[in-house]
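So this one's my_file.cif, mmCIF, C-alpha atoms:
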data_input
loop_
_atom_site.label_atom_id
_atom_site.label_comp_id
_atom_site.auth_asym_id
_atom_site.auth_seq_id
_atom_site.Cartn_x
_atom_site.Cartn_y
_atom_site.Cartn_z
CA MET A 1 -53.66 89.66 -117.82
CA THR A 2 -55.64 92.09 -115.75
CA TRP A 3 -56.97 91.87 -112.24
CA THR A 4 -60.54 91.69 -113.60
CA LEU A 5 -59.73 88.53 -115.53
CA PHE A 6 -58.01 87.00 -112.52
CA GLU A 7 -61.01 87.85 -110.37
CA LEU A 8 -63.29 86.01 -112.81
CA LEU A 9 -61.03 82.97 -112.51
CA LEU A 10 -61.11 83.18 -108.72
CA GLN A 11 -64.90 83.36 -108.75
CA ALA A 12 -65.08 80.33 -111.02
CA SER A 13 -62.74 78.46 -108.70
CA LEU A 14 -65.44 78.64 -106.02
CA MET A 15 -67.54 76.37 -108.25
CA THR A 16 -64.54 74.05 -108.62
CA ILE A 17 -64.21 73.88 -104.83
CA PHE A 18 -67.94 73.36 -104.32
CA VAL A 19 -68.15 70.54 -106.87
CA SER A 20 -65.02 68.86 -105.51
CA VAL A 21 -65.98 69.01 -101.84
CA THR A 22 -69.51 67.76 -102.50
CA SER A 23 -68.27 64.91 -104.68
CA ILE A 24 -65.63 63.85 -102.19
CA LEU A 25 -68.18 63.63 -99.37
CA LEU A 26 -70.85 61.89 -101.47
CA GLY A 27 -68.15 59.59 -102.83
CA LEU A 28 -67.00 58.73 -99.31
CA ALA A 29 -70.55 57.75 -98.33
CA PHE A 30 -70.91 55.62 -101.47
CA ALA A 31 -67.48 54.09 -100.85
CA ILE A 32 -68.46 52.98 -97.35
CA GLY A 33 -71.61 51.44 -98.85
CA LEU A 34 -69.56 49.65 -101.50
CA SER A 35 -67.17 48.35 -98.85
CA ALA A 36 -70.10 47.03 -96.82
CA MET A 37 -71.43 45.27 -99.92
CA ARG A 38 -68.05 43.79 -100.73
CA MET A 39 -67.63 42.43 -97.22
CA SER A 40 -71.25 41.31 -96.82
CA GLY A 41 -70.57 37.84 -98.20
CA ILE A 42 -73.87 38.07 -100.13
CA GLY A 43 -73.01 36.97 -103.69
CA PRO A 44 -74.93 39.49 -105.80
CA LEU A 45 -73.90 42.43 -103.59
CA VAL A 46 -70.25 41.38 -103.66
CA TRP A 47 -70.35 41.14 -107.45
CA PHE A 48 -72.18 44.43 -107.85
CA ALA A 49 -69.51 46.18 -105.77
CA ARG A 50 -66.69 44.50 -107.65
CA ILE A 51 -68.05 45.35 -111.09
CA PHE A 52 -68.92 48.90 -110.04
CA ILE A 53 -65.40 49.51 -108.71
CA SER A 54 -63.75 47.91 -111.74
CA PHE A 55 -65.90 49.90 -114.20
CA PHE A 56 -65.49 53.31 -112.59
CA ARG A 57 -61.75 52.81 -112.16
CA GLY A 58 -61.39 51.39 -115.66
CA VAL A 59 -63.12 54.03 -117.77
CA PRO A 60 -61.73 57.56 -118.20
CA LEU A 61 -63.70 60.12 -116.20
CA LEU A 62 -64.30 62.10 -119.39
CA VAL A 63 -66.06 59.09 -120.91
CA GLN A 64 -68.03 58.47 -117.69
CA LEU A 65 -69.27 62.06 -117.70
CA LEU A 66 -70.24 61.85 -121.38
CA LEU A 67 -72.01 58.58 -120.67
CA ILE A 68 -74.06 59.98 -117.78
CA PHE A 69 -74.73 63.20 -119.69
CA ASN A 70 -76.11 61.32 -122.71
CA LEU A 71 -77.50 58.12 -121.23
CA LEU A 72 -79.74 59.55 -118.51
CA PRO A 73 -81.74 61.91 -120.79
CA ALA A 74 -82.08 59.06 -123.31
CA ILE A 75 -83.82 56.91 -120.71
CA GLY A 76 -86.04 59.78 -119.63
CA ILE A 77 -84.09 61.25 -116.69
CA SER A 78 -83.14 64.84 -117.34
CA LEU A 79 -80.72 66.41 -114.93
CA SER A 80 -79.00 69.75 -114.65
CA SER A 81 -75.33 70.12 -115.52
CA LEU A 82 -74.52 70.43 -111.85
CA ALA A 83 -76.34 67.21 -110.95
CA THR A 84 -74.64 65.38 -113.82
CA ALA A 85 -71.24 66.64 -112.75
CA LEU A 86 -71.81 65.69 -109.11
CA ILE A 87 -73.07 62.21 -109.99
CA GLY A 88 -70.17 61.58 -112.38
CA LEU A 89 -67.47 62.79 -110.03
CA SER A 90 -68.89 61.15 -106.91
CA LEU A 91 -69.40 57.74 -108.55
CA CYS A 92 -65.86 57.84 -109.90
CA THR A 93 -64.26 58.86 -106.61
CA ALA A 94 -66.46 56.33 -104.77
CA ALA A 95 -64.77 53.53 -106.73
CA TYR A 96 -61.29 54.82 -105.90
CA GLN A 97 -62.13 55.50 -102.26
CA ALA A 98 -63.64 52.03 -101.88
CA GLU A 99 -60.37 50.60 -103.16
CA ASN A 100 -58.46 52.73 -100.62
CA LEU A 101 -60.84 51.72 -97.83
CA ARG A 102 -60.26 48.06 -98.62
CA GLY A 103 -56.74 48.42 -97.23
CA GLY A 104 -58.15 50.25 -94.21
CA PHE A 105 -60.67 47.54 -93.41
CA GLU A 106 -57.96 44.90 -93.74
CA GLY A 107 -55.89 46.88 -91.24
CA VAL A 108 -58.52 46.80 -88.50
CA PRO A 109 -56.97 44.67 -85.73
CA ARG A 110 -58.61 41.27 -85.55
CA GLY A 111 -58.81 41.48 -81.76
CA LEU A 112 -60.98 44.59 -81.87
CA ILE A 113 -63.52 42.91 -84.13
CA GLU A 114 -63.58 39.90 -81.83
CA SER A 115 -63.99 42.12 -78.76
CA ALA A 116 -66.91 43.86 -80.44
CA GLU A 117 -68.47 40.48 -81.06
CA MET A 118 -67.85 39.40 -77.48
CA ALA A 119 -69.39 42.64 -76.22
CA GLY A 120 -72.57 41.67 -78.05
CA LEU A 121 -72.39 43.99 -81.05
CA SER A 122 -74.12 42.65 -84.15
CA PRO A 123 -72.03 42.46 -87.35
CA VAL A 124 -73.77 45.61 -88.62
CA GLN A 125 -73.09 47.49 -85.36
CA SER A 126 -69.50 46.35 -85.43
CA PHE A 127 -69.20 47.59 -89.04
CA ILE A 128 -70.68 51.00 -88.22
CA TRP A 129 -69.10 51.68 -84.82
CA ILE A 130 -65.82 49.77 -84.86
CA ARG A 131 -64.56 48.84 -88.30
CA THR A 132 -65.57 51.89 -90.36
CA PRO A 133 -64.12 54.55 -88.00
CA ILE A 134 -60.84 52.66 -87.76
CA ALA A 135 -60.68 52.06 -91.52
CA LEU A 136 -61.36 55.76 -92.12
CA ARG A 137 -58.64 56.73 -89.65
CA LEU A 138 -56.15 54.36 -91.28
CA THR A 139 -56.88 55.62 -94.79
CA PHE A 140 -57.07 59.32 -93.96
CA PRO A 141 -53.89 60.21 -95.90
CA ALA A 142 -55.33 58.41 -98.95
CA LEU A 143 -58.50 60.47 -98.58
CA VAL A 144 -56.50 63.70 -98.69
CA ASN A 145 -54.74 62.41 -101.80
CA GLU A 146 -58.05 61.54 -103.37
CA ALA A 147 -59.36 65.02 -102.58
CA ILE A 148 -56.45 66.50 -104.54
CA LEU A 149 -57.09 64.11 -107.44
CA ILE A 150 -60.79 65.02 -107.54
CA LEU A 151 -59.99 68.69 -107.42
CA LYS A 152 -57.87 68.22 -110.53
CA SER A 153 -60.42 65.91 -112.16
CA SER A 154 -63.18 68.45 -111.60
CA SER A 155 -61.63 70.34 -114.53
CA LEU A 156 -63.44 67.80 -116.75
CA VAL A 157 -66.96 68.72 -115.70
CA SER A 158 -66.83 71.53 -118.25
CA VAL A 159 -67.75 68.89 -120.87
CA VAL A 160 -71.21 68.56 -119.31
CA GLY A 161 -71.73 72.30 -119.39
CA MET A 162 -70.48 73.39 -115.96
CA ILE A 163 -68.66 76.68 -115.76
CA GLU A 164 -65.87 76.15 -113.28
CA LEU A 165 -62.26 77.25 -113.23
CA THR A 166 -61.07 75.42 -116.37
CA LYS A 167 -64.15 76.32 -118.43
CA MET A 168 -63.90 79.95 -117.36
CA ALA A 169 -60.24 79.94 -118.40
CA GLN A 170 -61.21 78.47 -121.78
CA ASN A 171 -63.88 81.10 -122.31
CA LEU A 172 -61.59 83.94 -121.29
CA ALA A 173 -58.72 82.57 -123.40
CA ALA A 174 -61.01 82.46 -126.44
CA SER A 175 -62.40 85.94 -125.95
CA THR A 176 -59.16 87.74 -125.07
CA TYR A 177 -56.66 85.83 -127.24
CA MET A 178 -54.42 85.50 -124.20
CA PRO A 179 -54.40 81.74 -123.53
CA LEU A 180 -50.91 81.73 -122.09
CA PRO A 181 -51.38 83.99 -119.04
CA ILE A 182 -54.95 82.80 -118.51
CA PHE A 183 -54.27 79.06 -118.45
CA ALA A 184 -51.11 79.69 -116.42
CA SER A 185 -53.17 81.64 -113.87
CA ALA A 186 -55.79 78.89 -113.74
CA GLY A 187 -52.96 76.40 -113.12
CA LEU A 188 -51.62 78.56 -110.30
CA ILE A 189 -55.03 78.71 -108.66
CA TYR A 190 -55.32 74.91 -108.80
CA LEU A 191 -51.82 74.66 -107.37
CA ALA A 192 -52.69 77.02 -104.52
CA ILE A 193 -55.88 75.15 -103.63
CA ASN A 194 -54.08 71.80 -103.72
CA TRP A 195 -51.33 73.20 -101.57
CA ILE A 196 -53.88 74.34 -98.98
CA VAL A 197 -55.62 70.94 -99.08
CA ALA A 198 -52.30 69.13 -98.61
CA ILE A 199 -51.28 71.32 -95.64
CA ALA A 200 -54.72 71.15 -94.04
CA GLY A 201 -54.65 67.38 -94.55
CA ARG A 202 -51.32 67.05 -92.73
CA ARG A 203 -52.55 69.25 -89.89
CA ALA A 204 -55.75 67.24 -89.56
CA GLU A 205 -53.83 63.98 -89.69
CA ALA A 206 -51.63 65.14 -86.81
CA ALA A 207 -54.69 66.22 -84.81
CA LEU A 208 -56.54 62.93 -85.24
CA PRO A 209 -56.34 60.31 -82.51
CA GLY A 210 -53.49 57.83 -82.92
CA LEU A 211 -53.66 54.58 -84.82
CA PRO A 212 -54.80 51.46 -83.00
CA ALA A 213 -52.02 49.05 -82.06
CA LYS A 214 -51.79 45.93 -84.19
CA MET B 20 -85.96 55.06 -126.76
CA SER B 21 -84.32 52.14 -128.48
CA PHE B 22 -80.63 51.69 -128.85
CA ASP B 23 -79.04 50.68 -132.12
CA PHE B 24 -75.51 49.43 -131.70
CA ALA B 25 -75.27 48.09 -135.26
CA VAL B 26 -74.64 51.54 -136.72
CA ILE B 27 -71.70 52.00 -134.36
CA LEU B 28 -70.25 48.55 -134.85
CA ALA B 29 -70.50 49.00 -138.64
CA LYS B 30 -67.83 51.66 -138.19
CA GLY B 31 -65.44 49.08 -136.72
CA PRO B 32 -62.45 49.96 -138.91
CA GLN B 33 -62.69 53.66 -137.98
CA ILE B 34 -62.93 52.79 -134.29
CA LEU B 35 -59.90 50.53 -134.60
CA ALA B 36 -57.94 53.36 -136.23
CA GLY B 37 -58.81 55.58 -133.27
CA LEU B 38 -57.84 52.80 -130.89
CA GLY B 39 -54.53 52.54 -132.75
CA VAL B 40 -53.80 56.23 -132.18
CA THR B 41 -54.76 55.88 -128.50
CA ILE B 42 -52.44 52.91 -127.99
CA LEU B 43 -49.60 54.49 -129.94
CA ILE B 44 -49.72 57.76 -127.97
CA TRP B 45 -50.17 55.85 -124.72
CA VAL B 46 -47.21 53.48 -125.24
CA ALA B 47 -44.89 56.14 -126.65
CA GLY B 48 -45.98 58.67 -124.01
CA THR B 49 -45.49 56.22 -121.14
CA ILE B 50 -42.01 55.17 -122.31
CA LEU B 51 -40.95 58.80 -122.77
CA ALA B 52 -42.49 59.74 -119.41
CA ALA B 53 -40.71 56.93 -117.57
CA ALA B 54 -37.36 57.72 -119.26
CA LEU B 55 -37.64 61.44 -118.55
CA GLY B 56 -38.85 60.77 -115.02
CA PHE B 57 -35.86 58.50 -114.39
CA LEU B 58 -33.48 61.19 -115.66
CA VAL B 59 -35.11 63.79 -113.41
CA ALA B 60 -34.94 61.46 -110.38
CA THR B 61 -31.26 60.71 -111.10
CA ALA B 62 -30.44 64.40 -111.55
CA ARG B 63 -32.23 65.25 -108.30
CA ARG B 64 -30.26 62.60 -106.44
CA TYR B 65 -26.80 63.18 -107.88
CA GLY B 66 -26.95 66.72 -109.29
CA GLY B 67 -26.42 68.48 -105.98
CA ARG B 68 -28.77 70.46 -103.83
CA LEU B 69 -29.38 73.17 -106.43
CA ALA B 70 -30.50 70.71 -109.13
CA ASP B 71 -32.76 69.01 -106.60
CA LEU B 72 -34.37 72.32 -105.69
CA VAL B 73 -34.72 73.56 -109.27
CA LEU B 74 -36.20 70.28 -110.51
CA SER B 75 -38.65 70.04 -107.63
CA VAL B 76 -40.50 73.07 -109.01
CA PRO B 77 -41.71 71.60 -112.34
CA VAL B 78 -42.42 68.27 -110.63
CA GLU B 79 -44.67 69.92 -108.03
CA VAL B 80 -46.36 72.20 -110.57
CA LEU B 81 -47.12 69.32 -112.95
CA ARG B 82 -48.44 67.17 -110.11
CA GLY B 83 -50.52 69.95 -108.64
CA THR B 84 -52.38 71.10 -111.76
CA PRO B 85 -54.96 69.31 -113.92
CA PHE B 86 -53.65 67.59 -117.05
CA LEU B 87 -56.42 69.31 -119.00
CA VAL B 88 -55.11 72.76 -118.07
CA GLN B 89 -51.58 71.65 -118.98
CA ILE B 90 -52.54 70.54 -122.47
CA PHE B 91 -54.68 73.64 -123.06
CA LEU B 92 -51.73 75.77 -122.02
CA LEU B 93 -49.40 73.85 -124.33
CA TYR B 94 -51.70 73.60 -127.33
CA PHE B 95 -53.46 76.98 -127.23
CA GLY B 96 -50.76 78.99 -125.46
CA GLY B 97 -47.71 77.41 -127.15
CA PRO B 98 -48.09 79.26 -130.48
CA TYR B 99 -47.75 82.60 -128.64
CA ILE B 100 -44.19 81.71 -127.68
CA GLY B 101 -43.38 80.09 -131.04
CA LEU B 102 -44.24 76.53 -130.00
CA ARG B 103 -46.57 75.57 -132.82
CA LEU B 104 -47.35 71.85 -132.55
CA ASP B 105 -49.91 69.74 -134.34
CA PRO B 106 -52.42 68.03 -132.04
CA ILE B 107 -50.67 64.65 -131.96
CA ALA B 108 -47.26 66.16 -131.20
CA ALA B 109 -48.74 68.42 -128.52
CA GLY B 110 -50.64 65.48 -127.04
CA LEU B 111 -47.58 63.25 -126.95
CA LEU B 112 -45.38 65.98 -125.47
CA GLY B 113 -48.05 66.92 -122.92
CA LEU B 114 -48.60 63.34 -121.83
CA SER B 115 -44.86 62.59 -121.56
CA VAL B 116 -44.05 65.67 -119.52
CA TYR B 117 -47.07 65.19 -117.24
CA GLY B 118 -46.24 61.52 -116.69
CA ALA B 119 -42.56 62.29 -116.17
CA ALA B 120 -43.36 64.29 -113.03
CA TYR B 121 -45.07 61.26 -111.47
CA TYR B 122 -42.40 58.81 -112.66
CA ALA B 123 -39.74 61.10 -111.18
CA GLU B 124 -41.39 60.65 -107.77
CA ILE B 125 -41.70 56.88 -108.27
CA PHE B 126 -37.99 56.56 -109.08
CA ARG B 127 -37.07 58.91 -106.25
CA ALA B 128 -38.70 56.48 -103.83
CA GLY B 129 -36.89 53.71 -105.69
CA PHE B 130 -33.47 55.31 -105.15
CA GLN B 131 -34.27 55.76 -101.47
CA SER B 132 -35.11 52.08 -101.13
CA VAL B 133 -31.67 50.87 -102.18
CA PRO B 134 -29.44 50.49 -99.11
CA PRO B 135 -26.58 53.00 -99.32
CA GLY B 136 -24.13 50.20 -98.51
CA HIS B 137 -24.81 48.63 -101.88
CA SER B 138 -23.86 51.66 -103.94
CA GLU B 139 -20.86 52.25 -101.67
CA ALA B 140 -19.81 48.65 -102.28
CA ALA B 141 -20.22 49.18 -106.02
CA ASP B 142 -18.08 52.30 -105.72
CA CYS B 143 -15.40 50.33 -103.84
CA VAL B 144 -15.12 47.64 -106.51
CA GLY B 145 -14.55 50.38 -109.08
CA LEU B 146 -17.92 50.77 -110.77
CA THR B 147 -18.57 54.23 -112.17
CA ARG B 148 -21.61 56.21 -111.03
CA ILE B 149 -23.51 55.31 -114.23
CA GLN B 150 -22.59 51.62 -113.89
CA THR B 151 -23.74 51.68 -110.30
CA ILE B 152 -27.07 53.22 -111.23
CA LEU B 153 -27.70 50.87 -114.15
CA HIS B 154 -26.35 47.61 -112.74
CA VAL B 155 -26.92 47.91 -109.00
CA GLN B 156 -29.57 50.48 -108.10
CA LEU B 157 -31.96 50.04 -111.02
CA PRO B 158 -32.26 46.24 -110.68
CA GLU B 159 -32.59 46.52 -106.91
CA MET B 160 -35.40 49.07 -107.05
CA ALA B 161 -37.20 47.27 -109.91
CA LEU B 162 -39.54 45.25 -107.70
CA LEU B 163 -40.47 48.31 -105.67
CA VAL B 164 -41.09 50.66 -108.60
CA LEU B 165 -42.93 48.19 -110.84
CA PRO B 166 -46.38 48.31 -109.19
CA PRO B 167 -46.62 52.13 -109.03
CA SER B 168 -45.15 52.33 -112.55
CA MET B 169 -47.82 50.03 -113.95
CA ASN B 170 -50.43 51.97 -112.03
CA MET B 171 -49.18 55.20 -113.57
CA ALA B 172 -49.21 53.64 -117.04
CA VAL B 173 -52.91 52.83 -116.56
CA ILE B 174 -53.59 56.39 -115.38
CA LEU B 175 -51.84 57.70 -118.49
CA LEU B 176 -53.98 55.43 -120.68
CA LYS B 177 -57.10 57.01 -119.22
CA GLU B 178 -55.63 60.50 -119.54
CA THR B 179 -55.22 60.02 -123.31
CA ALA B 180 -59.01 60.43 -123.56
CA LEU B 181 -58.53 64.11 -122.69
CA LEU B 182 -56.45 64.58 -125.81
CA SER B 183 -59.73 64.49 -127.75
CA LEU B 184 -60.32 67.99 -126.36
CA ILE B 185 -57.29 69.28 -128.28
CA THR B 186 -58.51 67.40 -131.40
CA VAL B 187 -56.09 64.48 -131.32
CA PRO B 188 -57.84 61.84 -133.50
CA GLU B 189 -57.68 59.16 -130.81
CA MET B 190 -60.47 56.80 -129.80
CA THR B 191 -62.67 59.18 -127.79
CA MET B 192 -62.71 61.78 -130.55
CA THR B 193 -63.23 59.18 -133.30
CA VAL B 194 -66.11 57.40 -131.57
CA GLN B 195 -67.80 60.66 -130.59
CA ALA B 196 -67.61 61.82 -134.21
CA ILE B 197 -69.18 58.54 -135.37
CA GLY B 198 -71.89 58.94 -132.74
CA SER B 199 -72.91 62.38 -133.93
CA GLN B 200 -72.76 61.42 -137.64
CA GLN B 201 -75.03 58.44 -136.99
CA TYR B 202 -77.27 60.16 -134.42
CA ALA B 203 -76.31 57.38 -132.03
CA PHE B 204 -74.53 59.30 -129.30
CA VAL B 205 -75.48 57.09 -126.37
CA GLU B 206 -74.53 53.89 -128.19
CA SER B 207 -71.20 55.37 -129.25
CA ILE B 208 -70.29 56.37 -125.68
CA VAL B 209 -71.32 52.96 -124.34
CA VAL B 210 -69.03 51.24 -126.87
CA LEU B 211 -66.27 53.70 -126.00
CA ALA B 212 -66.60 53.01 -122.27
CA LEU B 213 -66.53 49.24 -122.81
CA VAL B 214 -63.41 49.39 -124.97
CA TYR B 215 -61.56 51.51 -122.38
CA TRP B 216 -62.70 49.21 -119.59
CA ALA B 217 -61.39 46.16 -121.43
CA LEU B 218 -58.12 47.92 -122.23
CA VAL B 219 -57.55 49.03 -118.63
CA GLU B 220 -58.34 45.57 -117.23
CA LEU B 221 -55.96 44.05 -119.80
CA ALA B 222 -53.23 46.50 -118.77
CA ASN B 223 -53.86 45.70 -115.08
CA PHE B 224 -53.62 41.99 -115.85
CA LEU B 225 -50.33 42.44 -117.72
CA GLY B 226 -49.03 44.46 -114.79
CA ARG B 227 -49.82 41.65 -112.36
CA VAL B 228 -48.13 39.11 -114.65
CA ALA B 229 -45.04 41.32 -114.84
CA GLU B 230 -44.95 41.65 -111.05
CA ARG B 231 -45.18 37.90 -110.57
CA ARG B 232 -42.41 37.30 -113.11
CA LEU B 233 -40.15 39.84 -111.49
CA SER B 234 -40.75 38.66 -107.95
CA THR B 235 -39.71 35.11 -108.83
CA TYR B 236 -36.36 36.46 -110.06
CA SER B 237 -35.66 38.63 -107.07
CA ALA B 238 -36.94 36.34 -104.33
#

Please rewrite the model in this file as structure tokens.
Amino acid sequence: MTWTLFELLLQASLMTIFVSVTSILLGLAFAIGLSAMRMSGIGPLVWFARIFISFFRGVPLLVQLLLIFNLLPAIGISLSSLATALIGLSLCTAAYQAENLRGGFEGVPRGLIESAEMAGLSPVQSFIWIRTPIALRLTFPALVNEAILILKSSSLVSVVGMIELTKMAQNLAASTYMPLPIFASAGLIYLAINWIVAIAGRRAEAALPGLPAK
Amino acid sequence: MSFDFAVILAKGPQILAGLGVTILIWVAGTILAAALGFLVATARRYGGRLADLVLSVPVEVLRGTPFLVQIFLLYFGGPYIGLRLDPIAAGLLGLSVYGAAYYAEIFRAGFQSVPPGHSEAADCVGLTRIQTILHVQLPEMALLVLPPSMNMAVILLKETALLSLITVPEMTMTVQAIGSQQYAFVESIVVLALVYWALVELANFLGRVAERRLSTYSA
């Protein structure tokens, strides 16, 4: 295991970080949308959100990625590997984050929603300015957890042709016949990134404003 | 583009064989993972500070790295240190060890939930440490550890799909092979996704039934 090989792994890990961060943020936006649908009380929207969440939490990410990778070109949409990877990861994490957010929305104190109504906010305004920020604050630790999960899951995007940390490790292991040190190093890099995410998450959590009283 | 599902469904018996391997590895892997995780949690609690510290390392490493990297390391790296396993054995071992790290944390929380007075009381009436664990602590933590344990079992079911990448002949690998033989890749993946979806929802349903059963006993 030479420094050159390790450097190649480190470079590839930048792609891992990029894909993970983008997917987490896109997924968060989708998740808020799904939560809005689920709480809208409009039948078809509620069912769409339910089925979406159930499907993306019920099918292995590997299969989801293969599905997107093969289905979209077959119906005439051709996308790059990167776009496929980002769509796959963000849809999957959106389903999990929506499930996390559900708890957050349930934790929004009833009185605050009523006050918003009394103050003349429309249901949509109340959702955007009162309920969503509080739900996000309540579920922040779950978001950090989800970020770590997505970082690990991003190892699967190699199946749609992305070269990120795991794929680079596979390529190097095959060309150098040194799978042991190379996969171990890749594991250590994942561990280090996750460790940083976990610490940063705890710091950020401490810095955020306090939770609303029940 | 038209889709032809008949060519995939004609391969029903092959798909079922793959499903069989998936379920077998999943069930065996989950039981082994839970048993090993319980042992690790017990050793961390009663083995002294050194055991706790030493065992925290593999638990954190396994939880902090992707399962895919773990199985690649085991399957492709193993032979270099004399660990030559066939794909199924490597897959089962990989899944069990990976799951054990998460089950160890679940049971650790379980041990913490049992009031210390209860195990002290068990000690006072003359129960041995093992009797206390099996007859007092384990039943008391059951209701708390059941939901995360079922959750973990479902996660492990989905992780078995990754074993196709180390050539374990489970469902994902079988159906993908059928898809490329029949030039029906999209159809094959759609069928695959639907079978997993049904399986996961079934497992979730069984988990909820188990929780309800257990909560009536302990209420």

> Which one is closest to chain A: B:Val228, B:Ala108, B:Ile100, B:Leu165? Count all atoms listed in the file.
Replying inline: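 Smallest separation from chain A among the options: B:Ile100.
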
> Could you pull the residues within 10 Å of Met1 in chain A, counting only C-alpha atoms, minus those fewer than 5 positions along the same chain, as an NGL selection string?
Replying inline: :A and (6 or 176 or 178-182 or 185)

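Between CA of Val133 in chain B and CA of Leu163 in chain B there is a distance of 9.8 Å.
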
>> Residues within 12 Å of Gly96 in chain B, please, as a list in words. Count all atoms listed in the file; anything in the same chain fewer than 2 positions from it doesn't count.
In response: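 These residues fall inside the cut-off: Ala169, Gln170, Ala173, Ala174, Tyr177, Met178, Pro179, Leu180, Pro181, Ile182, Phe183 and Ala184 of chain A; Val88, Gln89, Ile90, Phe91, Leu92, Leu93, Tyr94, Pro98, Tyr99, Ile100, Gly101, Leu102, Arg103, Leu104 and Ala109 of chain B.
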
Chain and number of each residue from the PyMOL selection byres ((chain B) within 9 of (chain A)), as a compact mmCIF listing (two decimals) with C-alpha atoms, in the coordinates of the input:
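Output file expr-v3.txt is given in full below:
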# COMPACT_ATOMS: atom_id res chain seq x y z
CA MET B 20 -85.96 55.06 -126.76
CA SER B 21 -84.32 52.14 -128.48
CA GLU B 79 -44.67 69.92 -108.03
CA VAL B 80 -46.36 72.20 -110.57
CA ARG B 82 -48.44 67.17 -110.11
CA GLY B 83 -50.52 69.95 -108.64
CA THR B 84 -52.38 71.10 -111.76
CA PRO B 85 -54.96 69.31 -113.92
CA PHE B 86 -53.65 67.59 -117.05
CA LEU B 87 -56.42 69.31 -119.00
CA VAL B 88 -55.11 72.76 -118.07
CA GLN B 89 -51.58 71.65 -118.98
CA PHE B 91 -54.68 73.64 -123.06
CA LEU B 92 -51.73 75.77 -122.02
CA LEU B 93 -49.40 73.85 -124.33
CA PHE B 95 -53.46 76.98 -127.23
CA GLY B 96 -50.76 78.99 -125.46
CA GLY B 97 -47.71 77.41 -127.15
CA TYR B 99 -47.75 82.60 -128.64
CA ILE B 100 -44.19 81.71 -127.68
CA VAL B 173 -52.91 52.83 -116.56
CA ILE B 174 -53.59 56.39 -115.38
CA LEU B 176 -53.98 55.43 -120.68
CA LYS B 177 -57.10 57.01 -119.22
CA GLU B 178 -55.63 60.50 -119.54
CA THR B 179 -55.22 60.02 -123.31
CA ALA B 180 -59.01 60.43 -123.56
CA LEU B 181 -58.53 64.11 -122.69
CA THR B 191 -62.67 59.18 -127.79
CA PHE B 204 -74.53 59.30 -129.30
CA VAL B 205 -75.48 57.09 -126.37
CA GLU B 206 -74.53 53.89 -128.19
CA ILE B 208 -70.29 56.37 -125.68
CA VAL B 209 -71.32 52.96 -124.34
CA LEU B 211 -66.27 53.70 -126.00
CA ALA B 212 -66.60 53.01 -122.27
CA LEU B 213 -66.53 49.24 -122.81
CA VAL B 214 -63.41 49.39 -124.97
CA TYR B 215 -61.56 51.51 -122.38
CA TRP B 216 -62.70 49.21 -119.59
CA ALA B 217 -61.39 46.16 -121.43
CA LEU B 218 -58.12 47.92 -122.23
CA VAL B 219 -57.55 49.03 -118.63
CA GLU B 220 -58.34 45.57 -117.23

> Could you state the separation of CA of Ala116 in chain A and CA of Ile130 in chain A in Å, given to one decimal place?
Replying inline: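 One can read the CA of Ala116 in chain A to CA of Ile130 in chain A distance as 7.5 Å.
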
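Excluding Val26 in chain B and any residue on its chain fewer than 2 positions from it, the residues at most 12 Å away by all atoms listed in the file are Phe22, Asp23, Phe24, Leu28, Ala29, Lys30, Gly31, Val194, Ile197, Gly198, Ser199, Gln200, Gln201, Tyr202, Ala203, Phe204, Val205, Glu206, Ser207 and Val210 of chain B.
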
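If you measure from each of A:Met118, A:Ala95, A:Val157, A:Leu101 to Ser81 in chain A using all atoms listed in the file, the closest one turns out to be A:Val157.
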
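Our summary of the geometry notes that CA of Leu111 in chain B is positioned 7.6 Å from CA of Ala47 in chain B.
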
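Using all atoms listed in the file for every distance, the candidate list A:Met15, A:Val108, A:Val197, A:Leu91 yields A:Val108 as the residue closest to Arg137 in chain A.
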
Would you place a box with edges along x, y and z of the file around all atoms of range 196-212 of chain B listed there, add 3 Å to each of its six sides, and report the centre and edge lengths in Å to one decimal, as AutoDock Vina command-line options?
--center_x -71.8 --center_y 56.8 --center_z -130.0 --size_x 17.0 --size_y 17.1 --size_z 21.4

> Applied to this file, what does the PyMOL selection byres ((chain B and resi 115) around 10) return in terms of residues, put as a list in words?
Replying inline: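 Applying the PyMOL selection byres ((chain B and resi 115) around 10) to the structure shown produces Ile44, Trp45, Ala47, Gly48, Thr49, Ile50, Leu51, Ala52, Ala53, Ala54, Leu55, Gly56, Ala109, Gly110, Leu111, Leu112, Gly113, Leu114, Val116, Tyr117, Gly118, Ala119, Ala120, Tyr122 and Leu175 of chain B.
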
> Any chance you could work out the residue set of the PyMOL selection byres ((chain A and resi 136) around 12) here, as a VMD selection string?
Replying inline: chain A and resid 28 to 29 31 to 32 35 97 to 98 100 to 108 127 to 135 137 to 144 205 208 to 209 211

> Pick the closest to Ala147 in chain A from A:Asn171, A:Ser78, A:Ser90, A:Ser20: which is it, counting all atoms listed in the file?
Replying inline: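 With all atoms listed in the file as the atom set, the closest residue is A:Ser20.
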